Structures are given as structure tokens and as C-alpha cells.
file model.tsv (TSV, C-alpha atoms and all ligand atoms)
chain	number	residue	atom	x	y	z
A	1	MET	CA	-27.58	2.86	-4.70
A	2	ALA	CA	-26.07	0.57	-2.04
A	3	ARG	CA	-25.10	-2.91	-3.26
A	4	ARG	CA	-27.23	-5.37	-1.32
A	5	GLY	CA	-25.29	-7.56	1.06
A	6	PHE	CA	-22.16	-5.43	0.74
A	7	PHE	CA	-21.13	-3.33	3.74
A	8	PHE	CA	-19.04	-0.90	1.72
A	9	ASP	CA	-20.64	1.11	-1.06
A	10	PHE	CA	-17.89	2.87	-3.01
A	11	SER	CA	-19.97	3.72	-6.07
A	12	ASN	CA	-19.19	7.45	-5.78
A	13	LYS	CA	-15.52	6.93	-5.09
A	14	CYS	CA	-12.40	6.99	-7.23
A	15	ILE	CA	-9.30	5.51	-5.61
A	16	ILE	CA	-5.65	5.35	-6.65
A	17	VAL	CA	-3.73	2.22	-5.63
A	18	THR	CA	0.05	2.30	-6.07
A	19	GLY	CA	1.52	-1.12	-6.81
A	20	GLY	CA	-2.08	-2.10	-7.47
A	21	ASN	CA	-1.32	-4.59	-10.24
A	22	ARG	CA	0.00	-7.48	-8.13
A	23	GLY	CA	0.42	-8.83	-4.60
A	24	ILE	CA	-1.32	-7.00	-1.75
A	25	GLY	CA	-1.96	-3.98	-4.00
A	26	TYR	CA	-3.88	-6.12	-6.47
A	27	ALA	CA	-6.03	-7.46	-3.62
A	28	TYR	CA	-6.79	-3.84	-2.67
A	29	SER	CA	-7.62	-2.89	-6.29
A	30	ARG	CA	-9.92	-5.89	-6.59
A	31	ALA	CA	-11.76	-5.27	-3.29
A	32	ILE	CA	-12.18	-1.57	-4.11
A	33	ALA	CA	-13.49	-2.32	-7.63
A	34	GLN	CA	-15.85	-4.93	-6.17
A	35	ALA	CA	-17.22	-2.26	-3.81
A	36	GLY	CA	-18.05	-0.20	-6.89
A	37	ALA	CA	-15.32	2.48	-7.10
A	38	ARG	CA	-13.32	3.59	-10.11
A	39	VAL	CA	-9.73	2.45	-9.61
A	40	ALA	CA	-6.49	3.93	-10.95
A	41	ILE	CA	-3.69	1.38	-10.67
A	42	ILE	CA	-0.14	2.72	-10.51
A	43	TYR	CA	2.65	0.36	-11.56
A	44	ARG	CA	6.32	0.75	-12.31
A	45	SER	CA	7.28	-1.77	-14.98
A	46	SER	CA	5.01	-4.84	-15.15
A	47	LYS	CA	3.92	-5.04	-18.77
A	48	ASP	CA	0.69	-6.87	-17.98
A	49	ALA	CA	-0.65	-4.10	-15.68
A	50	PRO	CA	-3.00	-2.56	-18.34
A	51	ASP	CA	-4.51	-6.03	-18.98
A	52	VAL	CA	-4.89	-6.65	-15.24
A	53	ALA	CA	-6.78	-3.34	-14.96
A	54	GLU	CA	-9.00	-4.03	-17.95
A	55	LYS	CA	-9.91	-7.50	-16.66
A	56	LEU	CA	-10.83	-6.13	-13.22
A	57	GLY	CA	-12.97	-3.41	-14.79
A	58	ARG	CA	-14.84	-6.00	-16.82
A	59	GLU	CA	-15.34	-8.31	-13.85
A	60	PHE	CA	-17.06	-5.65	-11.73
A	61	SER	CA	-18.39	-3.29	-14.45
A	62	VAL	CA	-16.41	-0.32	-13.16
A	63	ASP	CA	-13.75	1.91	-14.70
A	64	VAL	CA	-10.28	0.53	-13.85
A	65	LYS	CA	-7.19	1.92	-15.61
A	66	ALA	CA	-3.46	1.38	-15.23
A	67	PHE	CA	-0.94	4.24	-15.21
A	68	GLN	CA	2.80	3.71	-15.40
A	69	CYS	CA	4.56	5.95	-12.89
A	70	ASP	CA	7.67	5.57	-10.74
A	71	VAL	CA	6.47	6.96	-7.41
A	72	SER	CA	10.00	7.94	-6.42
A	73	ASP	CA	9.84	10.63	-9.15
A	74	SER	CA	8.03	13.54	-7.53
A	75	GLU	CA	7.34	15.53	-10.71
A	76	LEU	CA	6.05	12.51	-12.64
A	77	THR	CA	3.84	11.51	-9.70
A	78	THR	CA	2.25	14.96	-9.53
A	79	LYS	CA	1.67	14.95	-13.30
A	80	THR	CA	0.16	11.44	-13.27
A	81	PHE	CA	-2.12	12.15	-10.30
A	82	THR	CA	-3.38	15.38	-11.89
A	83	LYS	CA	-4.19	13.44	-15.08
A	84	ILE	CA	-6.06	10.76	-13.09
A	85	HIS	CA	-7.99	13.41	-11.11
A	86	GLU	CA	-9.07	15.06	-14.38
A	87	GLU	CA	-9.76	11.92	-16.42
A	88	MET	CA	-11.27	9.57	-13.83
A	89	GLY	CA	-11.89	11.73	-10.78
A	90	PRO	CA	-12.51	13.47	-8.61
A	91	VAL	CA	-10.18	11.15	-6.73
A	92	THR	CA	-11.49	10.41	-3.22
A	93	GLY	CA	-8.80	8.12	-1.83
A	94	LEU	CA	-5.26	6.83	-2.17
A	95	VAL	CA	-3.70	3.55	-1.15
A	96	ALA	CA	0.06	4.21	-1.04
A	97	ASN	CA	1.10	0.58	-1.21
A	98	ALA	CA	4.11	0.26	-3.55
A	99	GLY	CA	7.14	-1.00	-1.65
A	100	VAL	CA	10.41	-2.83	-2.19
A	101	SER	CA	13.06	-4.59	-0.13
A	102	VAL	CA	16.75	-5.39	-0.40
A	103	VAL	CA	17.67	-8.56	1.46
A	104	LYS	CA	21.34	-8.49	2.39
A	105	PRO	CA	23.34	-8.63	5.62
A	106	ALA	CA	23.73	-5.11	7.05
A	107	ILE	CA	27.48	-5.20	6.65
A	108	GLU	CA	27.11	-5.51	2.86
A	109	LEU	CA	24.49	-2.80	2.29
A	110	THR	CA	25.40	0.18	0.09
A	111	SER	CA	24.13	3.74	-0.35
A	112	GLU	CA	22.56	2.54	-3.58
A	113	ASP	CA	20.62	-0.10	-1.62
A	114	PHE	CA	19.51	2.61	0.81
A	115	HIS	CA	18.11	4.72	-2.03
A	116	LYS	CA	16.52	1.71	-3.70
A	117	VAL	CA	14.47	1.06	-0.54
A	118	TYR	CA	13.88	4.54	0.88
A	119	ASP	CA	13.13	6.21	-2.49
A	120	VAL	CA	10.08	3.97	-2.88
A	121	ASN	CA	9.03	3.07	0.69
A	122	VAL	CA	9.37	6.56	2.19
A	123	LEU	CA	9.86	9.21	-0.52
A	124	GLY	CA	7.44	7.39	-2.87
A	125	VAL	CA	4.73	7.33	-0.20
A	126	PHE	CA	5.34	11.00	0.56
A	127	ASN	CA	5.27	11.98	-3.15
A	128	THR	CA	1.93	10.24	-3.71
A	129	ALA	CA	0.32	11.45	-0.48
A	130	ARG	CA	1.42	15.04	-1.06
A	131	ALA	CA	0.32	15.00	-4.72
A	132	ILE	CA	-3.23	13.99	-3.81
A	133	ALA	CA	-3.42	16.18	-0.70
A	134	LYS	CA	-2.37	19.20	-2.76
A	135	LEU	CA	-5.04	18.47	-5.36
A	136	TRP	CA	-7.67	18.16	-2.63
A	137	ILE	CA	-6.58	21.31	-0.81
A	138	ASP	CA	-6.25	23.40	-4.01
A	139	SER	CA	-9.67	22.32	-5.31
A	140	LYS	CA	-11.32	22.84	-1.91
A	141	HIS	CA	-12.44	19.22	-2.09
A	142	GLN	CA	-14.37	17.91	0.92
A	143	GLY	CA	-11.37	15.84	2.02
A	144	GLY	CA	-10.22	12.30	1.43
A	145	SER	CA	-8.63	9.21	2.86
A	146	ILE	CA	-5.02	8.09	2.45
A	147	VAL	CA	-4.08	4.55	3.47
A	148	ILE	CA	-0.39	3.71	3.62
A	149	THR	CA	0.89	0.13	3.52
A	150	SER	CA	3.53	-0.01	6.21
A	151	SER	CA	4.51	-3.32	7.89
A	152	MET	CA	4.63	-4.96	11.30
A	153	SER	CA	8.37	-4.43	10.88
A	154	SER	CA	7.75	-0.76	11.76
A	155	GLN	CA	7.68	-2.14	15.33
A	156	ILE	CA	9.90	-5.20	15.35
A	157	ILE	CA	13.10	-6.42	13.79
A	158	ASN	CA	11.76	-8.71	11.14
A	159	GLN	CA	14.09	-11.67	10.64
A	160	ALA	CA	14.81	-12.90	7.13
A	161	ALA	CA	16.71	-15.91	8.53
A	162	PRO	CA	16.04	-18.00	11.64
A	163	ASN	CA	19.47	-17.39	13.17
A	164	LYS	CA	18.87	-13.59	13.32
A	165	ALA	CA	21.82	-13.08	10.94
A	166	LEU	CA	19.70	-11.34	8.31
A	167	THR	CA	17.12	-8.72	9.25
A	168	GLN	CA	16.60	-6.37	6.22
A	169	VAL	CA	17.67	-3.29	8.19
A	170	PHE	CA	16.84	-0.74	5.45
A	171	TYR	CA	13.41	-2.27	4.85
A	172	ASN	CA	12.49	-2.45	8.54
A	173	SER	CA	13.68	1.09	9.28
A	174	SER	CA	11.91	2.45	6.16
A	175	LYS	CA	8.63	1.05	7.51
A	176	ALA	CA	9.21	2.68	10.92
A	177	ALA	CA	9.84	5.93	9.04
A	178	VAL	CA	6.71	5.68	6.93
A	179	SER	CA	4.49	4.85	9.92
A	180	ASN	CA	5.74	8.01	11.62
A	181	LEU	CA	5.42	9.99	8.37
A	182	SER	CA	1.78	8.96	8.17
A	183	LYS	CA	1.06	10.35	11.66
A	184	GLY	CA	2.72	13.70	10.80
A	185	MET	CA	0.74	14.08	7.58
A	186	ALA	CA	-2.45	13.11	9.46
A	187	ALA	CA	-1.83	15.92	11.96
A	188	GLU	CA	-1.04	18.56	9.32
A	189	TRP	CA	-3.90	17.73	6.99
A	190	ALA	CA	-6.65	17.02	9.52
A	191	PRO	CA	-7.97	20.62	9.22
A	192	HIS	CA	-8.66	19.82	5.54
A	193	ASN	CA	-10.55	16.64	6.50
A	194	ILE	CA	-7.79	14.56	4.92
A	195	ARG	CA	-7.37	11.38	6.94
A	196	VAL	CA	-4.09	9.44	6.87
A	197	ASN	CA	-3.65	5.97	8.36
A	198	ALA	CA	-1.23	3.07	8.02
A	199	VAL	CA	-2.16	-0.59	7.61
A	200	SER	CA	0.71	-2.84	8.68
A	201	PRO	CA	0.65	-6.40	7.37
A	202	GLY	CA	2.50	-9.36	8.83
A	203	TYR	CA	3.81	-12.03	6.45
A	204	VAL	CA	1.77	-12.24	3.25
A	205	ASN	CA	2.16	-14.66	0.34
A	206	THR	CA	3.32	-12.42	-2.52
A	207	ASP	CA	6.34	-12.09	-4.84
A	208	GLN	CA	8.09	-10.20	-2.03
A	209	THR	CA	8.04	-13.26	0.26
A	210	SER	CA	8.32	-15.93	-2.46
A	211	HIS	CA	12.14	-15.67	-2.48
A	212	MET	CA	12.34	-16.97	1.12
A	213	ASP	CA	13.73	-20.50	1.61
A	214	LYS	CA	11.13	-23.04	2.65
A	215	HIS	CA	12.74	-23.69	6.04
A	216	ILE	CA	12.76	-19.94	6.77
A	217	ARG	CA	9.11	-19.59	5.76
A	218	ASP	CA	8.16	-22.56	7.94
A	219	HIS	CA	10.08	-21.09	10.86
A	220	GLN	CA	8.37	-17.68	10.43
A	221	ALA	CA	4.91	-19.22	10.02
A	222	LYS	CA	5.35	-21.27	13.20
A	223	ASN	CA	6.02	-18.06	15.13
A	224	VAL	CA	2.78	-16.42	13.96
A	225	PRO	CA	0.00	-17.08	16.51
A	226	LEU	CA	-2.39	-17.94	13.64
A	227	GLY	CA	0.30	-20.33	12.40
A	228	ARG	CA	0.55	-19.29	8.76
A	229	PHE	CA	1.29	-16.50	6.30
A	230	ALA	CA	-1.72	-14.48	5.09
A	231	GLU	CA	-3.18	-14.41	1.60
A	232	PRO	CA	-3.27	-10.89	0.06
A	233	HIS	CA	-7.08	-10.62	0.20
A	234	GLU	CA	-6.90	-10.97	4.02
A	235	MET	CA	-5.33	-7.48	4.17
A	236	THR	CA	-8.25	-5.68	2.57
A	237	GLY	CA	-10.85	-5.35	5.36
A	238	GLN	CA	-9.01	-2.69	7.35
A	239	ALA	CA	-8.11	-0.64	4.27
A	240	LEU	CA	-11.70	-0.70	2.99
A	241	LEU	CA	-12.93	0.53	6.37
A	242	LEU	CA	-10.43	3.40	6.38
A	243	LEU	CA	-11.32	4.38	2.81
A	244	SER	CA	-15.05	4.23	3.51
A	245	ASP	CA	-17.40	6.76	5.08
A	246	HIS	CA	-17.59	4.38	8.10
A	247	GLY	CA	-13.98	5.39	8.85
A	248	SER	CA	-14.71	9.13	8.93
A	249	TYR	CA	-13.31	9.67	12.45
A	250	MET	CA	-10.21	7.52	11.99
A	251	THR	CA	-6.94	9.30	11.37
A	252	GLY	CA	-3.30	9.04	12.47
A	253	GLY	CA	-3.63	5.33	13.29
A	254	GLU	CA	-1.52	2.30	12.50
A	255	TYR	CA	-3.51	-0.92	12.22
A	256	PHE	CA	-1.77	-4.31	12.35
A	257	VAL	CA	-3.10	-7.16	10.24
A	258	ASP	CA	-0.49	-9.70	11.22
A	259	GLY	CA	-2.12	-12.89	12.49
A	260	GLY	CA	-1.21	-11.83	16.03
A	261	ASN	CA	2.51	-11.60	15.30
A	262	LEU	CA	3.07	-8.64	17.63
A	263	ILE	CA	1.58	-10.46	20.64
A	264	TRP	CA	5.07	-11.81	21.37
A	301	LIG	P1	5.08	-7.05	-4.51
A	301	LIG	O1	6.56	-7.18	-4.62
A	301	LIG	O2	4.23	-8.23	-4.80
A	301	LIG	O3	4.56	-5.84	-5.45
A	301	LIG	C1	5.18	-4.59	-5.39
A	301	LIG	C2	4.33	-3.60	-6.17
A	301	LIG	O4	4.89	-2.30	-6.03
A	301	LIG	C3	4.28	-3.90	-7.67
A	301	LIG	O5	2.99	-3.60	-8.13
A	301	LIG	C4	5.30	-2.91	-8.25
A	301	LIG	O6	5.03	-2.53	-9.61
A	301	LIG	C5	5.08	-1.72	-7.32
A	301	LIG	N1	6.24	-0.82	-7.28
A	301	LIG	C6	7.48	-1.09	-6.80
A	301	LIG	N2	8.27	0.00	-6.93
A	301	LIG	C7	7.51	0.96	-7.51
A	301	LIG	C8	7.76	2.30	-7.92
A	301	LIG	N3	8.96	2.87	-7.76
A	301	LIG	N4	6.75	3.01	-8.49
A	301	LIG	C9	5.53	2.44	-8.67
A	301	LIG	N5	5.23	1.18	-8.30
A	301	LIG	C10	6.22	0.44	-7.75
A	301	LIG	O7	4.82	-6.46	-3.04
A	301	LIG	P2	3.78	-6.92	-1.90
A	301	LIG	O8	2.44	-7.00	-2.48
A	301	LIG	O9	4.38	-8.04	-1.16
A	301	LIG	O10	3.89	-5.64	-0.94
A	301	LIG	C11	3.03	-4.52	-1.06
A	301	LIG	C12	3.32	-3.61	0.11
A	301	LIG	O11	3.11	-4.33	1.33
A	301	LIG	C13	4.76	-3.11	0.18
A	301	LIG	O12	4.79	-1.78	0.66
A	301	LIG	C14	5.41	-4.05	1.18
A	301	LIG	O13	6.54	-3.49	1.79
A	301	LIG	C15	4.27	-4.24	2.14
A	301	LIG	N6	4.36	-5.44	2.98
A	301	LIG	C16	4.44	-6.69	2.40
A	301	LIG	C17	4.52	-7.81	3.19
A	301	LIG	C18	4.58	-9.20	2.64
A	301	LIG	O14	4.77	-10.15	3.43
A	301	LIG	N7	4.42	-9.40	1.34
A	301	LIG	C19	4.54	-7.69	4.67
A	301	LIG	C20	4.44	-6.34	5.16
A	301	LIG	C21	4.35	-5.27	4.33
A	301	LIG	P3	5.60	-3.46	-10.84
A	301	LIG	O15	4.74	-4.71	-10.84
A	301	LIG	O16	5.41	-2.64	-12.06
A	301	LIG	O17	7.03	-3.77	-10.53
call {"tool": "encode", "arguments": {"input": "model.tsv", "output": "C-alpha cells"}}
result
Amino acid sequence: MARRGFFFDFSNKCIIVTGGNRGIGYAYSRAIAQAGARVAIIYRSSKDAPDVAEKLGREFSVDVKAFQCDVSDSELTTKTFTKIHEEMGPVTGLVANAGVSVVKPAIELTSEDFHKVYDVNVLGVFNTARAIAKLWIDSKHQGGSIVITSSMSSQIINQAAPNKALTQVFYNSSKAAVSNLSKGMAAEWAPHNIRVNAVSPGYVNTDQTSHMDKHIRDHQAKNVPLGRFAEPHEMTGQALLLLSDHGSYMTGGEYFVDGGNLIW
């Protein structure tokens, strides 16, 4: 039964959110649970993730569970997703949101730094998307929706310092890669009614941005047409739409939720 006053009714859905225990991912988990879906939260190492899941489940009277899984490990990801599909499923959607950054001048970056970023932001997204797509295709499921958290930095060189001396080149390029990856997967899996889209945030107040110096944050915020960083919950509207039945004709898109940052 539809929840009165709530546009999205997810009561028949089960959705996996990677990095769903904190930051933007937590906001996704919360909004999805509030809409009535079962939620499987994937985390890497935060010890409080099972408690976060339990608390969310209690708040909205839905089944929310946390699963520890490093998404850069393809075999472990497949095993974990199969377990979730069997225990909580059928899974109907995935938010591939886990992401990391290394903030260093380009001249100092190492191969290790490259793997640290790309193994999560690109390979990790691919591992999770493929794991769920394979389950859907093998079980002749009616399809599903995959939402990838990319970034506005898929399009622009995102400065980490006002003097342009620090731009996070591996992070920015990994987001360009994952936005393109999402279009390729959308094209290949469309015949199976699997929709793949990217949501690309601008600056959001999370642990990832908390390391920035105050004067850098102020400088960045001033350049955003809306004049501020976003709060995590402000990212959720577009993702909910894409995961919902209202988004049934939307695939291969990249949607910017950036306070107008890409206007100039
Ligand atoms: P946070 O740093 O707050 O959280 C990162 C999350 O990803 C955590 O839940 C973490 O789990 C999880 N994670 C990291 N590596 C792995 C891994 N190998 N396997 C499984 N889970 C992992 O990030 P944000 O909320 O800021 O960012 C979320 C997404 O949004 C990222 O993809 C980021 O690039 C993107 N983004 C963020 C912006 C911002 O301004 N904050 C702007 C644009 C895009 P654990 O807690 O266990 O470590």
C-alpha cells in the first residue's frame, strides 16, 4: 500500500547501498528506508555500521542490515551480493556510492595512490554493478536500477586549493571514467531492462570534504551559484527518482546535483 503523502513507495523493493553507513551513502540508505524498502548497507571498515543499520531499521520499521565487503575485491563482492539476494532479496536496485580520494599534488602521486582511488571508484563500481546485473540476468528477473555516485568533477577540474596548485587528478579522472562506464553498462544491459545512471554531486558536507581548510571551503562555496556546500540529504531526490518506477524510461544519464556549479 502506498504511504500517504510520500511520492515514492518502495515497499516491494530491496536496495543495496555501498558506502551506505555514512556521508552521502547514509543519506541514501535513510531516504530509501523511509520510502519503505529493505536496505543492505555495504561498508568497508567502520565498526559502527551494523548499529547504524539496526537503528535505521527500527526508525522506519523495515529490514536494514550491514554487510562488510571491500568492493574492490570482485570475488568477495559477488559472494556478498549473492548472499544479500538470497537472504533479503530479491534485490531490485543498487546505489554504487562508495568512493575515496587521495589529495596530493600530481607530481607526488604514486602507482599505489592510483590503485587506492581507481580500485574503489572505478573497479569497485564495476564489480558491484556487474555482480547485481549477473544475478538479475541469470534469474531472468524483470530488471533493475543501478545508480552510480559520480561527481561534477567528471566534467571539470575540481580544485582542492584556490591557487589551482592542487586538483586531485586521480579522483577527478576516476569520476570521468565511472560516468563513461555507467553509459556503457546502460547500453549493454538495456535489453535486460537494467537501467544504469550516474548522479554527480557538487560539494557536500561529509568526511571527504571535512579535511579542507576553512579558507579553501569558503572560496569553493563562494563559487557555487547557490553559495554553499550541500548537506548529504540534498543528494537523495534524484537517486530516489532513478530507483523508483517513475524513472522507468531513464537510463544512460548523468544528473548533476551541484548547486549550479557547472553553470560557469
Ligand atoms: P565518505 O568518505 O563520507 O564515505 C565513504 C564511504 O565509502 C564509507 O561508507 C566507506 O566505508 C565506503 N567505502 C570506501 N571504500 C570502500 C570499499 N573499498 N569498499 C566498501 N566501502 C567502501 O564519502 P562521501 O559520502 O563524501 O562520498 C560518497 C560518494 O560521493 C563517493 O563516491 C564520492 O566520491 C562522491 N562525491 C562526494 C562529494 C563530496 O563533496 N563529499 C562530491 C562529489 C562526489 P567505511 O565507513 O567502512 O570506511
call {"tool": "closest_residue", "arguments": {"input": "model.tsv", "among": "A:Ala190, A:Ala35, A:Val103, A:Met212", "to": "A:Gln142", "atoms": "all atoms listed in the file"}}
result
A:Ala190
call {"tool": "closest_residue", "arguments": {"input": "model.tsv", "among": "A:Gln208, A:Asn180, A:Asn172, A:Ser154", "to": "ligand LIG 301 (chain A)", "atoms": "all atoms listed in the file"}}
result
A:Gln208
call {"tool": "atom_distance", "arguments": {"input": "model.tsv", "atom1": "atom P3 of ligand LIG 301 (chain A)", "atom2": "atom CA of A:Gly227"}}
result
29.2 Å
call {"tool": "residues_near_ligand", "arguments": {"input": "model.tsv", "ligand": "ligand LIG 301 (chain A)", "cutoff": "8 Å", "atoms": "all atoms listed in the file", "output": "count of residues only"}}
result
52
call {"tool": "closest_residue", "arguments": {"input": "model.tsv", "among": "A:Thr128, A:Leu166, A:Ala40, A:Ser61", "to": "A:Ala106", "atoms": "all atoms listed in the file"}}
result
A:Leu166
call {"tool": "atom_distance", "arguments": {"input": "model.tsv", "atom1": "atom CA of A:Tyr255", "atom2": "atom CA of A:Ser74"}}
result
27.1 Å
call {"tool": "atom_distance", "arguments": {"input": "model.tsv", "atom1": "atom CA of A:Val39", "atom2": "atom CA of A:Ser145"}}
result
14.2 Å
call {"tool": "closest_residue", "arguments": {"input": "model.tsv", "among": "A:Pro90, A:Gly259, A:Gly252, A:Pro105", "to": "A:Cys14", "atoms": "only C-alpha atoms"}}
result
A:Pro90
call {"tool": "axis_aligned_box", "arguments": {"input": "model.tsv", "around": "stretch 24-30 of chain A", "padding_each_side": "4 Å", "output": "lines of an AutoDock Vina configuration file"}}
result
center_x = -5.6
center_y = -5.2
center_z = -4.2
size_x = 16.6
size_y = 12.6
size_z = 12.8
call {"tool": "closest_residue", "arguments": {"input": "model.tsv", "among": "A:Ile216, A:Met250, A:Ala131, A:Ala239", "to": "A:Ala187", "atoms": "all atoms listed in the file"}}
result
A:Met250
call {"tool": "closest_residue", "arguments": {"input": "model.tsv", "among": "A:Thr236, A:Thr251, A:Ser11, A:Asn158", "to": "A:Asn197", "atoms": "all atoms listed in the file"}}
result
A:Thr251
call {"tool": "residues_around", "arguments": {"input": "model.tsv", "residues": "A:Arg38", "least_positions_apart": "2", "cutoff": "7 Å", "atoms": "only C-alpha atoms", "output": "list of chain:residue names"}}
result
A:Lys13, A:Cys14, A:Ile15, A:Ala33, A:Gly36, A:Ala40, A:Val62, A:Asp63, A:Val64
call {"tool": "residues_around", "arguments": {"input": "model.tsv", "residues": "A:Val122", "least_positions_apart": "3", "cutoff": "7 Å", "atoms": "all atoms listed in the file", "output": "list in words"}}
result
Tyr118, Asp119, Val125, Phe126, Ser174, Ala177 and Val178 of chain A
call {"tool": "residues_around", "arguments": {"input": "model.tsv", "residues": "A:Ile84", "least_positions_apart": "4", "cutoff": "9 Å", "atoms": "all atoms listed in the file", "output": "PyMOL selection string"}}
result
chain A and resi 16+40+67+79-80+88-91
call {"tool": "write_last_selection", "arguments": {"input": "model.tsv", "atoms": "C-alpha atoms", "output": "PDB file, keeping the file's coordinate frame"}}
result
ATOM      1  CA  ILE A  16      -5.650   5.350  -6.650  1.00  0.00           C
ATOM      2  CA  ALA A  40      -6.490   3.930 -10.950  1.00  0.00           C
ATOM      3  CA  PHE A  67      -0.940   4.240 -15.210  1.00  0.00           C
ATOM      4  CA  LYS A  79       1.670  14.950 -13.300  1.00  0.00           C
ATOM      5  CA  THR A  80       0.160  11.440 -13.270  1.00  0.00           C
ATOM      6  CA  MET A  88     -11.270   9.570 -13.830  1.00  0.00           C
ATOM      7  CA  GLY A  89     -11.890  11.730 -10.780  1.00  0.00           C
ATOM      8  CA  PRO A  90     -12.510  13.470  -8.610  1.00  0.00           C
ATOM      9  CA  VAL A  91     -10.180  11.150  -6.730  1.00  0.00           C
TER      10      VAL A  91
END
